[in-house]
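Dumped entry16.txt below, it's compact mmCIF, N, CA and C atoms:
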# COMPACT_ATOMS: atom_id res chain seq x y z
N MET D 1189 14.61 -4.49 8.52
CA MET D 1189 15.74 -5.21 9.05
C MET D 1189 15.57 -5.29 10.56
N LEU D 1190 15.77 -6.45 11.09
CA LEU D 1190 15.63 -6.66 12.52
C LEU D 1190 16.99 -6.51 13.18
N HIS D 1191 16.97 -5.89 14.34
CA HIS D 1191 18.18 -5.74 15.13
C HIS D 1191 18.15 -6.76 16.25
N HIS D 1192 19.26 -6.90 16.92
CA HIS D 1192 19.35 -7.85 18.02
C HIS D 1192 18.31 -7.53 19.07
N GLY D 1193 17.49 -8.47 19.43
CA GLY D 1193 16.47 -8.29 20.44
C GLY D 1193 15.10 -7.92 19.87
N ASP D 1194 15.04 -7.51 18.60
CA ASP D 1194 13.76 -7.19 17.97
C ASP D 1194 13.04 -8.47 17.59
N GLN D 1195 11.73 -8.39 17.59
CA GLN D 1195 10.94 -9.53 17.17
C GLN D 1195 10.32 -9.24 15.82
N ALA D 1196 10.14 -10.27 15.03
CA ALA D 1196 9.47 -10.11 13.74
C ALA D 1196 8.01 -9.79 13.97
N PRO D 1197 7.39 -8.95 13.09
CA PRO D 1197 5.97 -8.64 13.27
C PRO D 1197 5.12 -9.88 13.10
N ASP D 1198 4.01 -9.88 13.81
CA ASP D 1198 3.07 -10.99 13.74
C ASP D 1198 2.40 -11.00 12.37
N PRO D 1199 2.47 -12.10 11.60
CA PRO D 1199 1.89 -12.13 10.26
C PRO D 1199 0.39 -11.89 10.24
N SER D 1200 -0.32 -12.17 11.33
CA SER D 1200 -1.76 -11.94 11.34
C SER D 1200 -2.08 -10.46 11.53
N ASN D 1201 -1.07 -9.66 11.83
CA ASN D 1201 -1.26 -8.24 12.10
C ASN D 1201 -0.68 -7.40 10.96
N LEU D 1202 -0.73 -7.89 9.75
CA LEU D 1202 -0.17 -7.18 8.61
C LEU D 1202 -1.24 -6.94 7.56
N ILE D 1203 -1.12 -5.82 6.86
CA ILE D 1203 -2.03 -5.50 5.77
C ILE D 1203 -1.27 -5.76 4.47
N HIS D 1204 -1.84 -6.58 3.61
CA HIS D 1204 -1.19 -6.93 2.35
C HIS D 1204 -1.94 -6.29 1.20
N ALA D 1205 -1.22 -6.04 0.11
CA ALA D 1205 -1.86 -5.50 -1.10
C ALA D 1205 -2.70 -6.60 -1.75
N PRO D 1206 -3.79 -6.22 -2.40
CA PRO D 1206 -4.59 -7.23 -3.11
C PRO D 1206 -3.74 -7.92 -4.18
N ARG D 1207 -4.13 -9.14 -4.50
CA ARG D 1207 -3.34 -9.94 -5.44
C ARG D 1207 -3.32 -9.37 -6.86
N ASP D 1208 -4.36 -8.61 -7.26
CA ASP D 1208 -4.40 -8.11 -8.63
C ASP D 1208 -3.56 -6.85 -8.82
N GLN D 1209 -3.03 -6.26 -7.75
CA GLN D 1209 -2.20 -5.07 -7.86
C GLN D 1209 -0.74 -5.44 -7.77
N ASP D 1210 0.11 -4.42 -7.96
CA ASP D 1210 1.54 -4.65 -7.82
C ASP D 1210 1.84 -5.11 -6.40
N PRO D 1211 2.80 -6.01 -6.26
CA PRO D 1211 3.12 -6.44 -4.91
C PRO D 1211 3.76 -5.29 -4.13
N THR D 1212 3.26 -5.06 -2.95
CA THR D 1212 3.83 -4.03 -2.08
C THR D 1212 4.19 -4.69 -0.77
N PRO D 1213 5.16 -4.11 -0.09
CA PRO D 1213 5.53 -4.72 1.19
C PRO D 1213 4.40 -4.64 2.20
N ALA D 1214 4.36 -5.61 3.07
CA ALA D 1214 3.34 -5.62 4.12
C ALA D 1214 3.63 -4.49 5.10
N ILE D 1215 2.58 -3.85 5.58
CA ILE D 1215 2.72 -2.73 6.49
C ILE D 1215 2.09 -3.12 7.81
N PRO D 1216 2.85 -3.06 8.93
CA PRO D 1216 2.27 -3.43 10.21
C PRO D 1216 1.16 -2.45 10.60
N ALA D 1217 0.09 -2.97 11.14
CA ALA D 1217 -1.02 -2.16 11.63
C ALA D 1217 -1.26 -2.52 13.08
N ASP D 1218 -1.77 -1.57 13.83
CA ASP D 1218 -2.04 -1.81 15.23
C ASP D 1218 -3.53 -1.63 15.47
N PRO D 1219 -4.33 -2.71 15.37
CA PRO D 1219 -5.78 -2.55 15.53
C PRO D 1219 -6.17 -2.12 16.94
N ALA D 1220 -5.33 -2.38 17.92
CA ALA D 1220 -5.66 -1.98 19.29
C ALA D 1220 -5.70 -0.46 19.43
N ARG D 1221 -4.85 0.23 18.68
CA ARG D 1221 -4.82 1.70 18.74
C ARG D 1221 -5.62 2.33 17.60
N GLY D 1222 -6.23 1.52 16.76
CA GLY D 1222 -7.05 2.04 15.68
C GLY D 1222 -6.24 2.55 14.50
N LEU D 1223 -5.01 2.11 14.35
CA LEU D 1223 -4.19 2.56 13.24
C LEU D 1223 -4.55 1.78 11.98
N VAL D 1224 -4.82 2.50 10.92
CA VAL D 1224 -5.16 1.88 9.64
C VAL D 1224 -4.21 2.44 8.60
N VAL D 1225 -3.63 1.57 7.81
CA VAL D 1225 -2.70 1.99 6.77
C VAL D 1225 -3.34 1.69 5.42
N LYS D 1226 -3.42 2.73 4.59
CA LYS D 1226 -3.97 2.54 3.25
C LYS D 1226 -2.92 2.97 2.25
N ILE D 1227 -2.62 2.11 1.30
CA ILE D 1227 -1.64 2.41 0.27
C ILE D 1227 -2.37 3.00 -0.93
N ILE D 1228 -1.95 4.19 -1.31
CA ILE D 1228 -2.57 4.87 -2.45
C ILE D 1228 -1.54 5.00 -3.55
N LYS D 1229 -1.90 4.54 -4.75
CA LYS D 1229 -1.01 4.66 -5.90
C LYS D 1229 -1.71 5.47 -6.98
N PRO D 1230 -0.97 6.30 -7.71
CA PRO D 1230 -1.60 7.11 -8.76
C PRO D 1230 -2.07 6.23 -9.91
N ASP D 1231 -3.08 6.74 -10.65
CA ASP D 1231 -3.59 6.02 -11.81
C ASP D 1231 -2.60 6.03 -12.97
N ASN D 1232 -1.84 7.11 -13.09
CA ASN D 1232 -0.85 7.19 -14.17
C ASN D 1232 0.50 7.59 -13.57
N THR D 1233 1.53 7.49 -14.39
CA THR D 1233 2.88 7.77 -13.91
C THR D 1233 3.41 9.10 -14.44
N ASP D 1234 2.50 9.98 -14.90
CA ASP D 1234 2.95 11.29 -15.38
C ASP D 1234 3.55 12.07 -14.21
N PRO D 1235 4.62 12.84 -14.48
CA PRO D 1235 5.21 13.62 -13.40
C PRO D 1235 4.27 14.73 -12.95
N ILE D 1236 4.41 15.11 -11.69
CA ILE D 1236 3.59 16.19 -11.14
C ILE D 1236 4.11 17.50 -11.71
N PRO D 1237 3.24 18.35 -12.26
CA PRO D 1237 3.72 19.61 -12.83
C PRO D 1237 4.29 20.52 -11.74
N LEU D 1238 5.37 21.20 -12.09
CA LEU D 1238 6.02 22.10 -11.15
C LEU D 1238 5.36 23.46 -11.20
N HIS D 1239 5.81 24.36 -10.34
CA HIS D 1239 5.28 25.72 -10.32
C HIS D 1239 5.56 26.39 -11.66
N ALA D 1240 4.74 27.38 -11.99
CA ALA D 1240 5.00 28.17 -13.18
C ALA D 1240 6.34 28.89 -12.98
N PRO D 1241 7.10 29.06 -14.04
CA PRO D 1241 8.40 29.72 -13.87
C PRO D 1241 8.23 31.13 -13.31
N GLY D 1242 9.21 31.55 -12.54
CA GLY D 1242 9.16 32.88 -11.93
C GLY D 1242 9.35 33.97 -12.97
N GLN D 1243 9.51 35.19 -12.47
CA GLN D 1243 9.69 36.32 -13.37
C GLN D 1243 11.01 36.20 -14.10
N SER D 1244 11.01 36.70 -15.32
CA SER D 1244 12.24 36.63 -16.10
C SER D 1244 13.21 37.70 -15.61
N LEU D 1245 14.44 37.54 -15.96
CA LEU D 1245 15.49 38.46 -15.54
C LEU D 1245 15.24 39.85 -16.12
N VAL D 1246 14.70 39.94 -17.32
CA VAL D 1246 14.43 41.23 -17.95
C VAL D 1246 13.42 42.03 -17.12
N VAL D 1247 12.36 41.37 -16.65
CA VAL D 1247 11.35 42.06 -15.85
C VAL D 1247 11.96 42.58 -14.56
N ILE D 1248 12.81 41.78 -13.94
CA ILE D 1248 13.45 42.19 -12.69
C ILE D 1248 14.35 43.40 -12.92
N ILE D 1249 15.12 43.39 -14.00
CA ILE D 1249 16.04 44.50 -14.29
C ILE D 1249 15.25 45.77 -14.60
N VAL D 1250 14.15 45.66 -15.36
CA VAL D 1250 13.34 46.83 -15.69
C VAL D 1250 12.74 47.42 -14.41
N ARG D 1251 12.22 46.59 -13.54
CA ARG D 1251 11.67 47.09 -12.28
C ARG D 1251 12.74 47.77 -11.43
N PHE D 1252 13.91 47.17 -11.39
CA PHE D 1252 15.01 47.77 -10.63
C PHE D 1252 15.35 49.15 -11.20
N ALA D 1253 15.42 49.26 -12.52
CA ALA D 1253 15.74 50.54 -13.15
C ALA D 1253 14.67 51.59 -12.84
N ILE D 1254 13.41 51.20 -12.86
CA ILE D 1254 12.33 52.15 -12.56
C ILE D 1254 12.43 52.63 -11.11
N PHE D 1255 12.61 51.71 -10.18
CA PHE D 1255 12.71 52.12 -8.77
C PHE D 1255 13.96 52.95 -8.52
N LEU D 1256 15.06 52.63 -9.20
CA LEU D 1256 16.28 53.42 -9.06
C LEU D 1256 16.05 54.83 -9.59
N GLY D 1257 15.36 54.94 -10.72
CA GLY D 1257 15.04 56.25 -11.28
C GLY D 1257 14.15 57.06 -10.35
N LEU D 1258 13.15 56.41 -9.76
CA LEU D 1258 12.27 57.11 -8.81
C LEU D 1258 13.05 57.58 -7.58
N ALA D 1259 13.93 56.74 -7.08
CA ALA D 1259 14.73 57.11 -5.90
C ALA D 1259 15.64 58.29 -6.22
N ILE D 1260 16.27 58.29 -7.36
CA ILE D 1260 17.14 59.40 -7.75
C ILE D 1260 16.32 60.68 -7.91
N THR D 1261 15.13 60.58 -8.51
CA THR D 1261 14.26 61.75 -8.68
C THR D 1261 13.86 62.34 -7.34
N VAL D 1262 13.46 61.49 -6.40
CA VAL D 1262 13.06 61.97 -5.08
C VAL D 1262 14.24 62.64 -4.37
N LEU D 1263 15.41 62.03 -4.45
CA LEU D 1263 16.59 62.62 -3.81
C LEU D 1263 16.97 63.93 -4.45
N LEU D 1264 16.88 64.04 -5.79
CA LEU D 1264 17.19 65.30 -6.48
C LEU D 1264 16.20 66.39 -6.09
N LEU D 1265 14.92 66.06 -6.00
CA LEU D 1265 13.93 67.05 -5.59
C LEU D 1265 14.19 67.51 -4.15
N ALA D 1266 14.51 66.58 -3.28
CA ALA D 1266 14.80 66.94 -1.88
C ALA D 1266 16.06 67.81 -1.81
N TRP D 1267 17.04 67.54 -2.65
CA TRP D 1267 18.30 68.29 -2.61
C TRP D 1267 18.11 69.71 -3.16
N THR D 1268 17.32 69.86 -4.22
CA THR D 1268 17.11 71.18 -4.82
C THR D 1268 16.27 72.07 -3.95
N LYS D 1269 15.42 71.56 -3.10
CA LYS D 1269 14.56 72.38 -2.22
C LYS D 1269 15.31 72.83 -0.98
N SER D 1270 16.45 72.26 -0.67
CA SER D 1270 17.18 72.66 0.54
C SER D 1270 18.13 73.80 0.32

Just dump the structure as structure tokens.
Amino acid sequence: MLHHGDQAPDPSNLIHAPRDQDPTPAIPADPARGLVVKIIKPDNTDPIPLHAPGQSLVVIIVRFAIFLGLAITVLLLAWTKS
């Protein structure tokens, strides 16, 4: 969208998608600064796989119980020696 005072891009300075591909909007390029724009599209439309699911709640609770037990054991040993 052009705002007041903006000029439309020069049509000779635009990169267009090849005719055999899906139509894509023209992207302005600046050959004076060496800017090159390349449009990359995936070969298929399958979704990108997400990260593997994190640890289950059961594993977290078991670890918490083990560490709590170790902490209580250490504190009991320290208390009985004093």

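Going from atom C of D:Ile1260 over to atom CA of D:Val1246, you cover 22.0 Å.
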
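Take atom CA of D:Thr1261 and atom CA of D:Leu1245: the distance between them is 24.3 Å.
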
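Note that atom C of D:Ile1248 and atom C of D:Leu1264 are 24.1 Å apart.
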